[in-house]
Amino acid sequence: MPVSIPKIDLKSKSISDDQKEKLRQLFPEVFTENEIDWDRLRLTLGADIGDEKKERFGLTWRGKAECFRIIQESSVGTLKPVKGESVSWDTTENLFIEGDNLETLKLLQKAYYGKVKMIYIDPPYNTGKEFIYPDKYSESLETYLLYTGQVDAVGRKFSTNTETSGRYHSNWLDMMYPRLFLARNLLRDDGVIFISIDDHEVHNLREMMNEIFGEENFVANIVWQKKQSPQNDAIYISDMHDHIVVYAKHAKSNRDDPSGWMRQFIPRGDEQERRYSNPDNDPRGDWISVDYTSNKTADERPNLYYPIINPNTGEEVWPSRQCVWRFEKATHEKNLQENRIWWGSDGKGFPRSKRFRSEVSEGMVPSTWWKREFAGDNQEARREFRALFGTMEDPFDTPKPVRLMKKIIEISIPNNSDHFVLDFFAGSCSTAQSVIEMAQERTQNLKFIMVQLPEPLPKEISLENNTILKNIADVGKERIRRVINKIKSEQKESAKQKTISKTTPPHQDLGFRVFKLSKSNFKVWNGEIPADGKVEKKLEDFIENLHTGGTDEDILYELLLKSGFPLTTPVTEKKLAKKTVYAVDNDALLICLEHDLTKDLIVKIAELKPARVVCLDTGFKGNDQLRTNALEIMKSHGVSDFRTV
């Protein structure tokens, strides 16, 4: 009997297996023959087995059960490299993925699980105008391939979601729930997600996020002023804001908790700095006065309710019983001795505390109210887009300004850090522009992963550089290229004039790799029996398991991704026994795509002592002796993970 070499799993990460493993680590006693004993789990958690039919609080809708089936259904697609549309392919760690984001999020699970620091998304608001949705979302990859013309058939369309459909909110929840569930897996334990939304679905989004992320991980609902002026043609009241809902992967239980996400300070602007002055010529420098009382009552904190003496007038001053002093007597006396109390310009006012600029942090604690002066607005976003594209208008009704995205990055990610930012509703890619510019301004190696469906534009657009934009994904890619070219042009001009200015740090990433969602390069049988019952014919089709048309590079990156390596992992080409082998991440993985394997080649591969080796099964050409020898050669050289595909 021929030796069987383990096969590489061509499906995306199994979410259900991953969840089961987490449960096994917490409650090993509830597993029997690798299956969960649900009654035992309920008992372990202290529940009455008869309680499962009782009514409970929570979000439910018709189709929710199908969402979980979709989550657990692995993807058999792949992401094909497109070097011709990329910039600085060999050195960049930025990614632009053109494709359906549900399938893409599934494909990213193995390689990017727990690696993303911050997610920002601006999903469809479900207004009935912009909602792109497959009629039968349970066949997402098939639907996507039909939609993009990658298979020659009349496929299901992507369409808007209207109230006349009868499942207006349900359809939106069906679309969002699996994507947010999968996105949470990609976040680091100290990661955070920001979601833009308006009043149409903010209530449902909050309930959905409470269920997926846990309501204890809710951080804030930021209200962003998106418009400068009200709309006089509004039917009722002109909407002036959007919501930005914020959840941490794991929120801190308190300020001193070392785990979980921690917000960063917002840098102080000129407006905040102007508040500081030094009217009494204090040698410690500029200061501002702040309230000397607290929000505690005399009944709550009797030790903070006492009289103090104004040293200028000798007058006895009491606080209100509803707002007692901020400091105990001993601390107050110390403040008095150190001249930390301001009695007004005439020395007779109510006491206030002096807060010195030199003693406060360089930043401010962010609030939930973001005015347009602070974070920009839709009009500013349109101006930014036109600055890159000339007269071409941003294809979105409510574009997000770069300044808004930069504020989110400032809050989310510490300076001088190396992190991924993910946006899987990338649109015109203002997020990518923000990451590139922030990386330059803060001298940090921020990296982005953009995912965008190639939703057709109302009409094709021809640009001055002979580029034709056919869809939203094209717009996003072109925007990133123009941002990169703008920065490079500014650097050249600065170097030409020999001016002293901030230049791009040596590690600045001015590039991105483009990948496109497609069917697997390999034939993956889903186990279904053909309608004609001819299983033999089906099996014969799978003897040669490679689809025609795929290049070695296509196959290489599929195996890279499905082996758990990021799509920007360094890959070098080696010549062994006059054949080609691809070395991934300094020989951590060797991939051989040769269709004619030899014993000499296998020995040469094994001698490099890689941690893992993957070869094409067709390379053995039915030679069972060579297959057996290959397995023994790998074992003898300590290669414990040898697989075929």
# chains A, B, ... in the order shown; residues from 1 in each chain; ligands from 1

call {"tool": "residues_around", "arguments": {"residues": "range 508-514 of chain A", "least_positions_apart": "5", "cutoff": "7 Å", "atoms": "only C-alpha atoms", "output": "number ranges by chain"}}
result
A: 81-83, 85-89, 92-97, 439-440, 445, 484

call {"tool": "write_last_selection", "arguments": {"atoms": "C-alpha atoms", "output": "mmCIF file, in the first residue's frame"}}
result
data_model
loop_
_atom_site.group_PDB
_atom_site.id
_atom_site.type_symbol
_atom_site.label_atom_id
_atom_site.label_comp_id
_atom_site.auth_asym_id
_atom_site.auth_seq_id
_atom_site.Cartn_x
_atom_site.Cartn_y
_atom_site.Cartn_z
ATOM 1 C CA PRO A 81 -1.395 38.601 -7.281
ATOM 2 C CA VAL A 82 -1.618 41.444 -9.798
ATOM 3 C CA LYS A 83 1.857 42.954 -10.042
ATOM 4 C CA GLU A 85 -1.467 47.232 -10.827
ATOM 5 C CA SER A 86 0.840 47.346 -7.795
ATOM 6 C CA VAL A 87 3.503 49.838 -6.691
ATOM 7 C CA SER A 88 6.902 48.733 -5.291
ATOM 8 C CA TRP A 89 5.800 45.105 -5.130
ATOM 9 C CA THR A 92 5.856 47.011 0.271
ATOM 10 C CA GLU A 93 3.799 45.522 3.089
ATOM 11 C CA ASN A 94 0.581 47.350 2.160
ATOM 12 C CA LEU A 95 -2.275 45.420 0.568
ATOM 13 C CA PHE A 96 -5.196 46.269 -1.685
ATOM 14 C CA ILE A 97 -7.565 43.347 -2.207
ATOM 15 C CA ALA A 439 3.338 57.055 8.617
ATOM 16 C CA GLN A 440 5.252 59.947 7.110
ATOM 17 C CA ASN A 445 5.733 51.986 9.764
ATOM 18 C CA ILE A 484 2.304 58.014 -3.374
#

call {"tool": "select_by_dssp", "arguments": {"residues": "range 79-303 of chain A", "states": "helix (DSSP H, G or I)", "output": "PyMOL selection string"}}
result
chain A and resi 83-85+101-107+109-112+137-147+163-165+168-186+202-217+270-274+302-303

call {"tool": "atom_distance", "arguments": {"atom1": "CA of Ser563 in chain A", "atom2": "CA of Asp18 in chain A"}}
result
15.9 Å

call {"tool": "residues_around", "arguments": {"residues": "Ala298 in chain A", "least_positions_apart": "6", "cutoff": "8 Å", "atoms": "only C-alpha atoms", "output": "MDAnalysis selection string"}}
result
chainID A and resid 304:305 321:324

call {"tool": "closest_atom_pairs", "arguments": {"of": "range 248-343 of chain A", "to": "range 399-412 of chain A", "cutoff": "7 Å", "atoms": "only C-alpha atoms", "output": "tab-separated table"}}
result
residue	atom	partner	partner_atom	distance
A:Arg263	CA	A:Ile411	CA	5.4
A:Gln264	CA	A:Ile411	CA	4.6
A:Phe265	CA	A:Ile411	CA	6.2
A:Ile266	CA	A:Glu410	CA	6.4

call {"tool": "write_last_selection", "arguments": {"atoms": "N, CA and C atoms", "output": "PDB file, in the first residue's frame"}}
result
ATOM      1  N   ARG A 263      -6.599  53.787  24.736  1.00  0.00           N
ATOM      2  CA  ARG A 263      -6.662  54.944  23.859  1.00  0.00           C
ATOM      3  C   ARG A 263      -5.435  55.827  24.039  1.00  0.00           C
ATOM      4  N   GLN A 264      -5.046  56.485  22.958  1.00  0.00           N
ATOM      5  CA  GLN A 264      -3.935  57.422  22.983  1.00  0.00           C
ATOM      6  C   GLN A 264      -4.479  58.847  23.129  1.00  0.00           C
ATOM      7  N   PHE A 265      -3.609  59.771  23.486  1.00  0.00           N
ATOM      8  CA  PHE A 265      -4.015  61.166  23.591  1.00  0.00           C
ATOM      9  C   PHE A 265      -4.084  61.814  22.206  1.00  0.00           C
ATOM     10  N   ILE A 266      -4.953  62.803  22.085  1.00  0.00           N
ATOM     11  CA  ILE A 266      -5.011  63.635  20.885  1.00  0.00           C
ATOM     12  C   ILE A 266      -3.977  64.749  21.038  1.00  0.00           C
TER      13      ILE A 266
END

call {"tool": "closest_residue", "arguments": {"among": "A:Arg24, A:Arg479, A:Arg284, A:Lys516", "to": "Glu558 in chain A", "atoms": "only C-alpha atoms"}}
result
A:Lys516

call {"tool": "select_by_dssp", "arguments": {"residues": "range 277-343 of chain A", "states": "strand (DSSP E or B)", "output": "MDAnalysis selection string"}}
result
chainID A and resid 277 287:291 293 308:309 316:317 320 323 325 341:342

call {"tool": "residues_around", "arguments": {"residues": "Ala111 in chain A", "least_positions_apart": "2", "cutoff": "9 Å", "atoms": "only C-alpha atoms", "output": "PyMOL selection string"}}
result
chain A and resi 107-109+113+115+560-567

call {"tool": "closest_residue", "arguments": {"among": "A:Phe424, A:Tyr112, A:Tyr125, A:Phe31", "to": "Phe396 in chain A", "atoms": "only C-alpha atoms"}}
result
A:Tyr125

call {"tool": "atom_distance", "arguments": {"atom1": "CA of Pro279 in chain A", "atom2": "CA of Asn310 in chain A"}}
result
18.9 Å

call {"tool": "closest_residue", "arguments": {"among": "A:Asp280, A:Asp600, A:Glu393, A:Asp270", "to": "Asp346 in chain A", "atoms": "only C-alpha atoms"}}
result
A:Asp280

call {"tool": "closest_residue", "arguments": {"among": "A:Pro319, A:Ile436, A:Ser238, A:Gln497", "to": "Arg482 in chain A", "atoms": "only C-alpha atoms"}}
result
A:Ile436

call {"tool": "closest_residue", "arguments": {"among": "A:Ser345, A:Leu589, A:Thr628, A:Val614", "to": "Lys7 in chain A", "atoms": "only C-alpha atoms"}}
result
A:Val614

call {"tool": "closest_residue", "arguments": {"among": "A:Leu141, A:Met175, A:Cys615, A:Leu10", "to": "Val581 in chain A", "atoms": "only C-alpha atoms"}}
result
A:Cys615

call {"tool": "atom_distance", "arguments": {"atom1": "CA of Gly58 in chain A", "atom2": "CA of Glu211 in chain A"}}
result
8.0 Å

call {"tool": "residues_around", "arguments": {"residues": "Thr368 in chain A", "least_positions_apart": "4", "cutoff": "10 Å", "atoms": "only C-alpha atoms", "output": "ChimeraX atom specification"}}
result
/A:220-224,243-245

call {"tool": "residues_around", "arguments": {"residues": "Trp342 in chain A", "least_positions_apart": "5", "cutoff": "10 Å", "atoms": "only C-alpha atoms", "output": "PDB file with N, CA and C atoms, in the first residue's frame"}}
result
ATOM      1  N   ASP A 280       0.514  86.235  36.178  1.00  0.00           N
ATOM      2  CA  ASP A 280       1.182  86.626  37.429  1.00  0.00           C
ATOM      3  C   ASP A 280       2.695  86.400  37.370  1.00  0.00           C
ATOM      4  N   ILE A 288      -3.138  77.483  33.055  1.00  0.00           N
ATOM      5  CA  ILE A 288      -4.560  77.806  32.953  1.00  0.00           C
ATOM      6  C   ILE A 288      -5.196  77.542  34.306  1.00  0.00           C
ATOM      7  N   SER A 289      -6.308  78.202  34.588  1.00  0.00           N
ATOM      8  CA  SER A 289      -7.007  77.959  35.852  1.00  0.00           C
ATOM      9  C   SER A 289      -8.143  76.975  35.620  1.00  0.00           C
ATOM     10  N   VAL A 290      -8.285  76.042  36.554  1.00  0.00           N
ATOM     11  CA  VAL A 290      -9.344  75.035  36.472  1.00  0.00           C
ATOM     12  C   VAL A 290     -10.108  75.011  37.790  1.00  0.00           C
ATOM     13  N   TYR A 292     -11.654  74.500  41.279  1.00  0.00           N
ATOM     14  CA  TYR A 292     -11.073  74.036  42.547  1.00  0.00           C
ATOM     15  C   TYR A 292     -12.039  73.137  43.311  1.00  0.00           C
ATOM     16  N   LEU A 336      -1.504  76.150  48.663  1.00  0.00           N
ATOM     17  CA  LEU A 336      -1.411  77.554  49.062  1.00  0.00           C
ATOM     18  C   LEU A 336       0.042  77.990  49.179  1.00  0.00           C
ATOM     19  N   GLY A 347      -7.483  89.415  43.047  1.00  0.00           N
ATOM     20  CA  GLY A 347      -7.171  88.720  44.292  1.00  0.00           C
ATOM     21  C   GLY A 347      -8.361  88.468  45.181  1.00  0.00           C
ATOM     22  N   LYS A 348      -9.576  88.770  44.706  1.00  0.00           N
ATOM     23  CA  LYS A 348     -10.763  88.639  45.551  1.00  0.00           C
ATOM     24  C   LYS A 348     -11.755  87.594  45.026  1.00  0.00           C
ATOM     25  N   GLY A 349     -11.403  86.881  43.952  1.00  0.00           N
ATOM     26  CA  GLY A 349     -12.334  85.946  43.336  1.00  0.00           C
ATOM     27  C   GLY A 349     -12.430  84.607  44.055  1.00  0.00           C
ATOM     28  N   PHE A 350     -13.319  83.759  43.517  1.00  0.00           N
ATOM     29  CA  PHE A 350     -13.461  82.399  44.047  1.00  0.00           C
ATOM     30  C   PHE A 350     -12.236  81.594  43.620  1.00  0.00           C
ATOM     31  N   PRO A 351     -11.662  80.789  44.510  1.00  0.00           N
ATOM     32  CA  PRO A 351     -10.392  80.119  44.192  1.00  0.00           C
ATOM     33  C   PRO A 351     -10.503  79.141  43.016  1.00  0.00           C
ATOM     34  N   ARG A 352      -9.443  79.132  42.197  1.00  0.00           N
ATOM     35  CA  ARG A 352      -9.297  78.167  41.115  1.00  0.00           C
ATOM     36  C   ARG A 352      -7.880  77.606  41.166  1.00  0.00           C
ATOM     37  N   SER A 353      -7.702  76.387  40.613  1.00  0.00           N
ATOM     38  CA  SER A 353      -6.401  75.719  40.660  1.00  0.00           C
ATOM     39  C   SER A 353      -5.581  76.080  39.425  1.00  0.00           C
ATOM     40  N   LYS A 354      -4.288  76.338  39.618  1.00  0.00           N
ATOM     41  CA  LYS A 354      -3.387  76.644  38.508  1.00  0.00           C
ATOM     42  C   LYS A 354      -2.807  75.324  37.957  1.00  0.00           C
TER      43      LYS A 354
END
